[in-house]
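Trainee: Please find my_file-v8.txt (compact mmCIF, C-alpha atoms and all ligand atoms) on the next line:
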# COMPACT_ATOMS: atom_id res chain seq x y z
CA MET A 1 -100.03 -62.89 -213.27
CA ARG A 2 -98.35 -59.52 -213.54
CA ARG A 3 -94.76 -58.38 -213.76
CA LEU A 4 -93.79 -55.94 -211.05
CA GLU A 5 -92.85 -53.11 -213.43
CA GLU A 6 -96.19 -53.24 -215.36
CA ARG A 7 -97.99 -53.08 -212.06
CA LYS A 8 -96.01 -50.06 -210.84
CA LYS A 9 -96.77 -48.14 -214.07
CA LYS A 10 -100.48 -48.90 -213.88
CA LYS A 11 -100.58 -47.74 -210.27
CA ALA A 12 -98.79 -44.46 -211.12
CA ASP A 13 -101.27 -43.75 -213.97
CA LYS A 14 -104.20 -44.50 -211.71
CA LYS A 15 -102.84 -42.25 -208.97
CA ASN A 16 -102.46 -39.29 -211.37
CA SER A 17 -106.00 -39.61 -212.66
CA ARG A 18 -107.35 -40.07 -209.16
CA GLN A 19 -105.70 -36.87 -207.95
CA GLY A 20 -107.52 -34.95 -210.73
CA ILE A 21 -110.89 -36.36 -209.83
CA SER A 22 -110.60 -35.92 -206.10
CA ALA A 23 -109.68 -32.25 -206.42
CA GLU A 24 -112.52 -31.44 -208.79
CA VAL A 25 -115.37 -33.62 -207.74
CA PHE A 26 -114.98 -34.61 -204.12
CA GLY A 27 -113.29 -31.45 -202.91
CA GLN A 28 -113.67 -31.09 -199.16
CA PHE A 29 -116.11 -33.94 -198.75
CA ASN A 30 -114.40 -36.64 -196.85
CA VAL A 31 -117.00 -39.37 -197.21
CA LYS A 32 -116.23 -42.76 -195.73
CA VAL A 33 -116.87 -45.13 -198.61
CA GLU A 34 -118.28 -48.56 -197.88
CA PHE A 35 -115.72 -51.32 -198.34
CA GLN A 36 -116.10 -52.98 -201.71
CA PRO A 37 -114.07 -56.18 -201.71
CA LYS A 38 -111.68 -56.34 -204.64
CA VAL A 39 -111.86 -59.49 -206.76
CA ILE A 40 -108.92 -60.39 -208.97
CA PRO A 41 -109.92 -63.49 -210.96
CA LYS A 42 -107.66 -66.50 -210.43
CA ASP A 43 -107.78 -70.25 -210.97
CA ALA A 44 -108.49 -72.80 -208.25
CA GLU A 45 -104.84 -73.82 -207.96
CA THR A 46 -103.70 -70.23 -207.32
CA LYS A 47 -106.48 -69.74 -204.76
CA ASP A 48 -105.33 -72.89 -203.06
CA SER A 49 -101.70 -71.72 -202.88
CA ILE A 50 -102.79 -68.41 -201.34
CA LYS A 51 -105.00 -70.22 -198.86
CA ARG A 52 -102.13 -72.43 -197.74
CA LEU A 53 -99.86 -69.40 -197.35
CA ILE A 54 -102.26 -67.33 -195.31
CA GLU A 55 -103.38 -70.21 -193.13
CA LYS A 56 -99.76 -70.63 -192.02
CA SER A 57 -99.08 -66.92 -191.57
CA ILE A 58 -99.34 -65.32 -188.16
CA LEU A 59 -100.51 -62.06 -189.67
CA PHE A 60 -103.73 -63.65 -190.87
CA SER A 61 -104.27 -65.95 -187.90
CA ASN A 62 -107.28 -64.07 -186.55
CA LEU A 63 -109.34 -64.17 -189.74
CA ASN A 64 -112.55 -66.15 -190.06
CA ARG A 65 -113.40 -68.15 -193.16
CA ASP A 66 -115.26 -65.28 -194.89
CA ASP A 67 -112.37 -62.91 -194.30
CA ILE A 68 -109.92 -65.48 -195.65
CA ASN A 69 -111.95 -65.73 -198.86
CA ILE A 70 -112.03 -61.94 -199.24
CA VAL A 71 -108.25 -61.81 -198.86
CA ILE A 72 -107.76 -64.66 -201.37
CA ASP A 73 -109.92 -62.85 -203.95
CA ALA A 74 -108.09 -59.57 -203.46
CA MET A 75 -104.54 -60.96 -203.69
CA GLU A 76 -102.63 -60.28 -206.86
CA GLU A 77 -99.95 -62.63 -208.17
CA ILE A 78 -96.77 -60.76 -209.08
CA VAL A 79 -93.54 -62.12 -210.54
CA THR A 80 -90.18 -60.53 -209.80
CA THR A 81 -86.78 -60.78 -211.48
CA PRO A 82 -83.27 -60.99 -209.99
CA GLY A 83 -82.18 -57.75 -208.34
CA GLN A 84 -85.54 -56.05 -208.80
CA ASP A 85 -86.67 -53.52 -206.18
CA VAL A 86 -90.03 -54.51 -204.74
CA ILE A 87 -90.05 -51.80 -202.06
CA ILE A 88 -87.90 -48.67 -201.87
CA GLU A 89 -87.32 -47.09 -198.46
CA GLY A 90 -88.93 -43.64 -198.12
CA GLU A 91 -91.50 -44.17 -200.90
CA GLN A 92 -95.24 -44.32 -200.35
CA GLY A 93 -96.58 -47.86 -200.28
CA ASP A 94 -99.98 -49.41 -200.51
CA THR A 95 -99.32 -53.13 -200.80
CA LEU A 96 -98.40 -55.90 -198.39
CA PHE A 97 -96.48 -58.80 -199.93
CA ILE A 98 -96.43 -62.47 -198.99
CA ILE A 99 -93.84 -64.72 -200.62
CA GLN A 100 -94.82 -67.74 -202.68
CA GLU A 101 -91.42 -68.44 -204.28
CA GLY A 102 -87.90 -67.04 -204.06
CA GLU A 103 -85.96 -65.02 -201.51
CA PHE A 104 -86.04 -61.29 -200.84
CA ASP A 105 -83.33 -59.19 -199.18
CA CYS A 106 -84.19 -56.35 -196.82
CA TYR A 107 -81.95 -53.27 -196.50
CA LYS A 108 -82.23 -50.10 -194.47
CA VAL A 109 -80.20 -46.90 -194.41
CA ILE A 110 -78.49 -46.83 -191.02
CA ASN A 111 -76.14 -43.91 -190.22
CA GLY A 112 -76.10 -42.96 -193.91
CA THR A 113 -75.18 -46.45 -195.15
CA GLN A 114 -77.44 -48.91 -196.93
CA THR A 115 -77.27 -51.87 -194.51
CA TYR A 116 -78.36 -55.47 -195.11
CA LEU A 117 -80.84 -56.59 -192.44
CA LYS A 118 -82.29 -59.96 -193.35
CA THR A 119 -83.52 -62.31 -196.06
CA TYR A 120 -87.19 -63.17 -196.34
CA LYS A 121 -88.15 -66.72 -197.40
CA PRO A 122 -91.34 -68.31 -198.83
CA GLY A 123 -94.28 -68.02 -196.45
CA GLU A 124 -93.01 -64.79 -194.90
CA PHE A 125 -94.54 -61.36 -195.45
CA PHE A 126 -93.19 -57.82 -195.66
CA GLY A 127 -94.46 -54.31 -196.35
CA GLU A 128 -97.04 -54.23 -193.55
CA LEU A 129 -95.65 -51.20 -191.70
CA ALA A 130 -96.54 -48.57 -194.31
CA LEU A 131 -100.10 -49.88 -194.26
CA MET A 132 -100.44 -50.20 -190.51
CA TYR A 133 -99.01 -46.81 -189.66
CA ASN A 134 -99.73 -44.88 -192.85
CA ALA A 135 -96.01 -44.12 -193.08
CA PRO A 136 -93.42 -44.18 -195.88
CA ARG A 137 -91.67 -47.50 -196.47
CA ALA A 138 -89.29 -48.12 -193.54
CA ALA A 139 -86.84 -50.33 -195.44
CA SER A 140 -86.06 -51.54 -198.98
CA ILE A 141 -86.79 -55.01 -200.31
CA LYS A 142 -85.07 -56.55 -203.34
CA SER A 143 -85.84 -59.80 -205.14
CA LYS A 144 -82.72 -61.99 -204.83
CA GLY A 145 -83.45 -64.21 -207.82
CA ASP A 146 -86.65 -64.91 -209.72
CA GLY A 147 -89.56 -64.70 -207.33
CA LYS A 148 -93.29 -64.84 -207.00
CA VAL A 149 -95.26 -62.88 -204.39
CA PHE A 150 -98.90 -62.18 -203.70
CA GLY A 151 -99.75 -58.53 -203.10
CA LEU A 152 -102.63 -57.39 -200.89
CA ASP A 153 -103.95 -53.85 -201.41
CA ARG A 154 -104.21 -51.28 -198.64
CA THR A 155 -108.02 -51.13 -198.62
CA THR A 156 -108.48 -54.85 -198.12
CA PHE A 157 -105.66 -54.89 -195.57
CA ASN A 158 -107.19 -52.00 -193.62
CA ASN A 159 -110.68 -53.47 -193.62
CA ILE A 160 -109.91 -57.11 -192.99
CA VAL A 161 -106.46 -57.64 -191.50
CA GLN A 162 -105.32 -54.41 -189.88
CA GLU A 163 -107.55 -54.15 -186.86
CA ALA A 164 -106.74 -57.50 -185.33
CA ALA A 165 -103.04 -57.28 -186.23
CA SER A 166 -102.57 -53.74 -184.86
CA LYS A 167 -104.53 -54.48 -181.71
CA LYS A 168 -102.38 -57.51 -181.04
CA ARG A 169 -99.15 -55.55 -181.56
CA LYS A 170 -100.34 -52.72 -179.32
CA TYR A 171 -101.50 -55.02 -176.54
CA TYR A 172 -98.36 -57.15 -176.44
CA SER A 173 -95.99 -54.17 -176.88
CA GLN A 174 -97.11 -52.98 -173.46
CA ILE A 175 -96.17 -56.30 -171.91
CA LEU A 176 -92.82 -56.47 -173.72
CA SER A 177 -91.95 -52.90 -172.73
CA LYS A 178 -91.59 -54.15 -169.14
CA VAL A 179 -89.05 -56.81 -170.07
CA GLU A 180 -85.61 -55.39 -169.33
CA ILE A 181 -83.73 -57.90 -171.42
CA LEU A 182 -85.64 -56.81 -174.55
CA ALA A 183 -84.77 -53.13 -174.13
CA GLU A 184 -81.99 -53.35 -176.72
CA VAL A 185 -83.99 -55.35 -179.27
CA ASP A 186 -84.73 -53.47 -182.51
CA PRO A 187 -88.28 -52.04 -182.27
CA TYR A 188 -89.29 -53.77 -185.49
CA GLU A 189 -88.12 -57.15 -184.20
CA LYS A 190 -90.20 -56.47 -181.09
CA GLU A 191 -93.29 -55.86 -183.21
CA GLN A 192 -92.72 -59.16 -184.95
CA LEU A 193 -92.30 -60.82 -181.60
CA CYS A 194 -95.78 -59.51 -180.69
CA ASP A 195 -97.27 -61.28 -183.72
CA THR A 196 -96.01 -64.63 -182.48
CA LEU A 197 -96.98 -64.36 -178.80
CA LYS A 198 -99.55 -66.64 -177.25
CA GLU A 199 -101.22 -65.65 -173.99
CA GLU A 200 -102.25 -68.12 -171.27
CA GLU A 201 -103.65 -67.87 -167.76
CA PHE A 202 -102.81 -70.19 -164.86
CA THR A 203 -104.32 -70.52 -161.42
CA ALA A 204 -102.27 -70.38 -158.22
CA GLY A 205 -100.60 -73.71 -157.48
CA SER A 206 -100.49 -75.02 -161.07
CA TYR A 207 -97.27 -75.94 -162.87
CA LEU A 208 -96.34 -74.32 -166.19
CA VAL A 209 -93.12 -76.28 -166.68
CA LYS A 210 -91.91 -79.55 -165.08
CA GLN A 211 -88.24 -80.32 -164.42
CA GLY A 212 -86.99 -83.02 -166.81
CA ASP A 213 -89.66 -82.42 -169.50
CA GLN A 214 -88.84 -81.49 -173.07
CA GLY A 215 -89.26 -77.76 -173.56
CA ASP A 216 -90.17 -75.83 -176.62
CA ARG A 217 -91.53 -72.50 -175.37
CA PHE A 218 -90.04 -69.35 -173.86
CA TYR A 219 -92.23 -67.48 -171.34
CA ILE A 220 -92.60 -63.87 -170.24
CA ILE A 221 -94.69 -62.96 -167.21
CA ALA A 222 -97.44 -60.43 -167.89
CA GLU A 223 -99.06 -60.60 -164.46
CA GLY A 224 -98.61 -62.50 -161.20
CA LYS A 225 -95.89 -64.23 -159.21
CA LEU A 226 -94.25 -67.58 -159.93
CA ILE A 227 -91.46 -69.64 -158.41
CA ALA A 228 -88.84 -72.04 -159.73
CA GLU A 229 -88.41 -75.33 -157.86
CA LYS A 230 -85.59 -77.80 -158.37
CA LYS A 231 -84.42 -81.23 -157.19
CA GLU A 232 -80.63 -81.56 -157.35
CA ASN A 233 -81.02 -85.35 -157.81
CA PRO A 234 -84.01 -87.72 -157.91
CA SER A 235 -83.88 -88.49 -154.18
CA ALA A 236 -83.17 -84.89 -153.06
CA PRO A 237 -85.97 -82.70 -151.66
CA VAL A 238 -87.62 -80.05 -153.83
CA LYS A 239 -86.08 -76.62 -153.19
CA LYS A 240 -87.35 -73.21 -154.14
CA VAL A 241 -84.57 -71.65 -156.24
CA PHE A 242 -86.02 -68.49 -157.76
CA GLU A 243 -88.94 -66.05 -157.62
CA TYR A 244 -90.42 -64.38 -160.67
CA LYS A 245 -92.59 -61.28 -161.08
CA GLU A 246 -94.12 -59.29 -163.93
CA GLY A 247 -91.59 -58.58 -166.71
CA ASP A 248 -89.37 -61.58 -165.82
CA TYR A 249 -88.87 -64.50 -168.18
CA PHE A 250 -88.12 -68.22 -167.96
CA GLY A 251 -87.81 -71.28 -170.16
CA GLU A 252 -84.75 -70.04 -172.03
CA ILE A 253 -82.27 -72.70 -170.87
CA ALA A 254 -83.97 -75.62 -172.64
CA LEU A 255 -84.08 -73.58 -175.86
CA VAL A 256 -80.59 -72.10 -175.77
CA LYS A 257 -78.85 -75.28 -174.58
CA ASN A 258 -81.18 -77.82 -176.23
CA THR A 259 -81.63 -79.65 -172.93
CA VAL A 260 -84.64 -80.74 -170.88
CA ARG A 261 -86.25 -78.34 -168.40
CA GLN A 262 -83.80 -77.65 -165.57
CA ALA A 263 -86.44 -76.64 -162.99
CA SER A 264 -90.20 -76.68 -162.48
CA ILE A 265 -92.11 -73.42 -162.63
CA LYS A 266 -95.15 -73.03 -160.41
CA ALA A 267 -97.72 -70.23 -160.25
CA GLU A 268 -97.69 -68.74 -156.74
CA THR A 269 -100.63 -66.47 -157.49
CA ASP A 270 -103.08 -66.56 -160.41
CA CYS A 271 -100.99 -65.43 -163.33
CA ARG A 272 -100.94 -64.52 -167.00
CA VAL A 273 -97.96 -65.35 -169.21
CA VAL A 274 -97.11 -64.89 -172.87
CA SER A 275 -94.91 -67.35 -174.70
CA ILE A 276 -93.24 -68.01 -178.03
CA ASP A 277 -92.29 -71.29 -179.64
CA ARG A 278 -88.79 -72.57 -180.39
CA ASP A 279 -88.75 -71.42 -184.04
CA ALA A 280 -89.78 -67.86 -183.27
CA PHE A 281 -87.39 -67.81 -180.31
CA LYS A 282 -84.45 -68.80 -182.52
CA ARG A 283 -85.49 -66.45 -185.32
CA LEU A 284 -86.25 -63.37 -183.24
CA LEU A 285 -84.24 -63.81 -180.08
CA GLY A 286 -81.37 -65.88 -181.52
CA PRO A 287 -79.12 -62.80 -181.64
CA MET A 288 -79.68 -62.36 -177.88
CA GLU A 289 -78.55 -65.84 -176.95
CA ASP A 290 -75.25 -64.49 -175.62
CA ILE A 291 -77.01 -62.18 -173.17
CA LEU A 292 -79.44 -64.91 -172.16
CA SER A 293 -76.59 -67.36 -171.61
CA ARG A 294 -74.77 -64.84 -169.43
CA ASN A 295 -77.91 -64.31 -167.33
CA MET A 296 -78.62 -68.01 -166.82
P1 LIG B 1 -92.78 -51.26 -194.86
O1 LIG B 1 -92.19 -50.13 -194.10
O2 LIG B 1 -94.16 -51.14 -195.34
O3 LIG B 1 -91.82 -51.60 -196.10
C1 LIG B 1 -90.50 -52.07 -195.82
C2 LIG B 1 -90.61 -53.33 -194.99
O4 LIG B 1 -89.40 -53.91 -194.56
C3 LIG B 1 -91.33 -53.02 -193.68
O5 LIG B 1 -92.65 -52.61 -193.95
C4 LIG B 1 -91.12 -54.34 -192.96
O6 LIG B 1 -92.05 -55.30 -193.44
C5 LIG B 1 -89.72 -54.76 -193.43
N1 LIG B 1 -88.65 -54.63 -192.41
C6 LIG B 1 -87.81 -55.62 -192.03
N2 LIG B 1 -86.96 -55.23 -191.09
C7 LIG B 1 -87.23 -53.96 -190.81
C8 LIG B 1 -86.69 -53.00 -189.87
N3 LIG B 1 -85.67 -53.29 -189.05
N4 LIG B 1 -87.24 -51.76 -189.86
C9 LIG B 1 -88.26 -51.47 -190.68
N5 LIG B 1 -88.81 -52.33 -191.58
C10 LIG B 1 -88.32 -53.57 -191.65
For the file at hand, write its structure as structure tokens.

Mentor:
Amino acid sequence: MRRLEERKKKKADKKNSRQGISAEVFGQFNVKVEFQPKVIPKDAETKDSIKRLIEKSILFSNLNRDDINIVIDAMEEIVTTPGQDVIIEGEQGDTLFIIQEGEFDCYKVINGTQTYLKTYKPGEFFGELALMYNAPRAASIKSKGDGKVFGLDRTTFNNIVQEAASKKRKYYSQILSKVEILAEVDPYEKEQLCDTLKEEEFTAGSYLVKQGDQGDRFYIIAEGKLIAEKKENPSAPVKKVFEYKEGDYFGEIALVKNTVRQASIKAETDCRVVSIDRDAFKRLLGPMEDILSRNM
């Protein structure tokens, strides 16, 4: 296990020596080097903790068993102390962090002022943007108290995790860009929303939601037409009450008001929808509940 400051110093030394070598020896040759998985020795218990963390994390949800083992081997255990900076906005970064213990505050300079954004908890990850987009760190992250994180290096991330994660974000961003109600959502929150989306297809005539059922998902229409049907009371006839098209959403009432489904939703044509579960809805769209309530 390494302390964060020792690790930063070692990285800086390595970077300086690497710059020397690359200028002298490799010069203009930009050879694509074969991926050599990094193996940081660790005991079975630590491997197990990492496995549990990544199995629960959306970011790693597309990995097969071999990939998971590569990631476990490459992860480095790092301890942090109260108030310590783990990431500084604007700096270069080459590590993704996933939290084992402790809480981590995220800040970003907005209109010239360092602004608190959110607190990360165990099981959550941060620091993926610099790796995905080869960009400077987009926000700062500070350890609130004592903490323990696992760091994953850029090379392993790029070779094992990046492709699936970036593809997913790109694909779902297109769908979300058509949803008017999300226009005001912070672009980063939208990216995180993409990580949690699940896509499903339904054939014309099938029901996605039944009036009176418990509901725990919020849906966005990617393709197709759907209708909402409702019975005002058990003996009343079924009435069509709403039509939905691409970019529309439904399923919010049960989540915002904690009630059962207020209408049934039926596919009028074959359709494709994406949905998120109650936890992600509360976490990512919670701040929009006012707007959603107004639109109900
Ligand atoms: P990265 O830019 O690598 O380092 C800072 C991290 O803060 C960033 O990745 C995200 O994981 C996280 N972060 C949380 N909220 C935001 C936000 N609103 N904008 C940018 N980064 C954010």

Trainee: Would you tabulate, counting only C-alpha atoms, all residues of region 181-208 of chain A that have an atom at most 12 Å from an atom of region 108-125 of chain A, showing the closest pair of atoms and their distance in Å to one decimal, sorted by chain then ascending number, as a tab-separated table?

Mentor:
residue	atom	partner	partner_atom	distance
A:Asp186	CA	A:Leu117	CA	11.1
A:Tyr188	CA	A:Leu117	CA	11.3
A:Glu189	CA	A:Leu117	CA	11.0
A:Gln192	CA	A:Phe125	CA	10.9

Trainee: Could you write those residues out with C-alpha atoms, as an mmCIF file, in the coordinates of the input?

Mentor:
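This went into result_35.cif:
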data_model
loop_
_atom_site.group_PDB
_atom_site.id
_atom_site.type_symbol
_atom_site.label_atom_id
_atom_site.label_comp_id
_atom_site.auth_asym_id
_atom_site.auth_seq_id
_atom_site.Cartn_x
_atom_site.Cartn_y
_atom_site.Cartn_z
ATOM 1 C CA ASP A 186 -84.730 -53.470 -182.510
ATOM 2 C CA TYR A 188 -89.290 -53.770 -185.490
ATOM 3 C CA GLU A 189 -88.120 -57.150 -184.200
ATOM 4 C CA GLN A 192 -92.720 -59.160 -184.950
#

Trainee: Go through A:Gln100, A:Asn62, A:Thr81, A:Asn159 one by one, measure the shortest atom-to-atom distance of each to Ile50 (chain A) using all atoms listed in the file, and give the residue with the smallest value.

Mentor: A:Gln100

Trainee: May I have the residues within 9 Å of region 34-46 of chain A as a ChimeraX atom specification, using only C-alpha atoms and disregarding those fewer than 4 positions away in the same chain?

Mentor: /A:1,50-51,70-77,153,155-156,159

Trainee: Please identify every polymer residue within 6 Å of ligand LIG 1 (chain B), using all atoms listed in the file, and present the set as a PyMOL selection string.

Mentor: chain A and resi 126-130+137-140+188

Trainee: Need to verify the contact set: Lys266 (chain A), 7 Å, only C-alpha atoms, exclusion of same-chain residues closer than 2 positions in sequence. Can you return it as a PyMOL selection string?

Mentor: chain A and resi 205-208+226-228+264+268

Trainee: Identify which of the residues A:Tyr244, A:Tyr171, A:Phe150, A:Tyr107 lies closest to Thr95 (chain A), counting only C-alpha atoms when measuring atom-to-atom distances.

Mentor: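 Of all the options, A:Phe150 lies closest to Thr95 (chain A).
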
Trainee: Quick one: distance from CA of Ala267 (chain A) to CA of Lys167 (chain A) in Å, one decimal?

Mentor: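 Answer for the CA of Ala267 (chain A) to CA of Lys167 (chain A) separation: 27.5 Å.
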
Trainee: Could you check the closest approach to Ile181 (chain A) for each of A:Gly247, A:Pro287, A:Gly212, A:Gly102 and tell me which residue wins, using all atoms listed in the file?

Mentor: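 Under the stated criterion, the closest residue is A:Gly247.
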
Trainee: Between A:Ile141, A:Ala164, A:Leu152, A:Ile220, which residue has the minimum interatomic distance to Pro82 (chain A), considering only C-alpha atoms?

Mentor: A:Ile141

Trainee: Rounded to one decimal place, report the CA of Gln92 (chain A)-CA of Ala135 (chain A) distance in Å.

Mentor: 7.3 Å

Trainee: Between A:Arg261, A:Lys282, A:Lys8, A:Lys178, which is the closest to Gly93 (chain A) once you count only C-alpha atoms?

Mentor: A:Lys8

Trainee: Neighbours of Gly224 (chain A) within 7 Å (all atoms listed in the file; same-chain residues fewer than 6 positions away dropped), as a PyMOL selection string?

Mentor: chain A and resi 245-246+269-272

Trainee: Interatomic distance between CA of Val260 (chain A) and CA of Gly215 (chain A)?

Mentor: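 Computing it gives 6.1 Å between the two atoms.
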
Trainee: Please determine, counting all atoms listed in the file, which residue among A:Gln174, A:Thr203, A:Thr259, A:Thr196 has the shortest atom-to-atom distance to Ile276 (chain A).

Mentor: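 Residue with the minimum atom-to-atom distance to Ile276 (chain A): A:Thr196.
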
Trainee: At a cut-off of 12 Å, using all atoms listed in the file, what residues contact Asp290 (chain A)? Leave out same-chain residues fewer than 4 positions from it and give the result as a PyMOL selection string.

Mentor: chain A and resi 181+252-253+256-257+285-286+294-296

Trainee: Could you pull out every residue with an atom within 12 Å of (-106.2, -66.2, -183.3), file coordinates, counting all atoms listed in the file, and send them as a ChimeraX atom specification?

Mentor: /A:55-64,161,164-165,167-168,195-199

Trainee: Do you know which residues are at most 6 Å from Gly147 (chain A) counting all atoms listed in the file, after dropping those on the same chain fewer than 3 positions away, and could you put them as a PyMOL selection string?

Mentor: chain A and resi 79-80+101-102

Trainee: Taking (-94.3, -65.0, -173.7) in the coordinates of the supplied file, I want to know which residues reach to within 10 Å of it, counting all atoms listed in the file; could you give the answer as an NGL selection string?

Mentor: :A and (172 or 175-176 or 193-194 or 196-200 or 217-222 or 247-251 or 272-277 or 281)

Trainee: Those residues you just picked out, can you put them in a file as a PDB file, keeping the file's coordinate frame with C-alpha atoms?

Mentor:
ATOM      1  CA  TYR A 172     -98.360 -57.150-176.440  1.00  0.00           C
ATOM      2  CA  ILE A 175     -96.170 -56.300-171.910  1.00  0.00           C
ATOM      3  CA  LEU A 176     -92.820 -56.470-173.720  1.00  0.00           C
ATOM      4  CA  LEU A 193     -92.300 -60.820-181.600  1.00  0.00           C
ATOM      5  CA  CYS A 194     -95.780 -59.510-180.690  1.00  0.00           C
ATOM      6  CA  THR A 196     -96.010 -64.630-182.480  1.00  0.00           C
ATOM      7  CA  LEU A 197     -96.980 -64.360-178.800  1.00  0.00           C
ATOM      8  CA  LYS A 198     -99.550 -66.640-177.250  1.00  0.00           C
ATOM      9  CA  GLU A 199    -101.220 -65.650-173.990  1.00  0.00           C
ATOM     10  CA  GLU A 200    -102.250 -68.120-171.270  1.00  0.00           C
ATOM     11  CA  ARG A 217     -91.530 -72.500-175.370  1.00  0.00           C
ATOM     12  CA  PHE A 218     -90.040 -69.350-173.860  1.00  0.00           C
ATOM     13  CA  TYR A 219     -92.230 -67.480-171.340  1.00  0.00           C
ATOM     14  CA  ILE A 220     -92.600 -63.870-170.240  1.00  0.00           C
ATOM     15  CA  ILE A 221     -94.690 -62.960-167.210  1.00  0.00           C
ATOM     16  CA  ALA A 222     -97.440 -60.430-167.890  1.00  0.00           C
ATOM     17  CA  GLY A 247     -91.590 -58.580-166.710  1.00  0.00           C
ATOM     18  CA  ASP A 248     -89.370 -61.580-165.820  1.00  0.00           C
ATOM     19  CA  TYR A 249     -88.870 -64.500-168.180  1.00  0.00           C
ATOM     20  CA  PHE A 250     -88.120 -68.220-167.960  1.00  0.00           C
ATOM     21  CA  GLY A 251     -87.810 -71.280-170.160  1.00  0.00           C
ATOM     22  CA  ARG A 272    -100.940 -64.520-167.000  1.00  0.00           C
ATOM     23  CA  VAL A 273     -97.960 -65.350-169.210  1.00  0.00           C
ATOM     24  CA  VAL A 274     -97.110 -64.890-172.870  1.00  0.00           C
ATOM     25  CA  SER A 275     -94.910 -67.350-174.700  1.00  0.00           C
ATOM     26  CA  ILE A 276     -93.240 -68.010-178.030  1.00  0.00           C
ATOM     27  CA  ASP A 277     -92.290 -71.290-179.640  1.00  0.00           C
ATOM     28  CA  PHE A 281     -87.390 -67.810-180.310  1.00  0.00           C
TER      29      PHE A 281
END
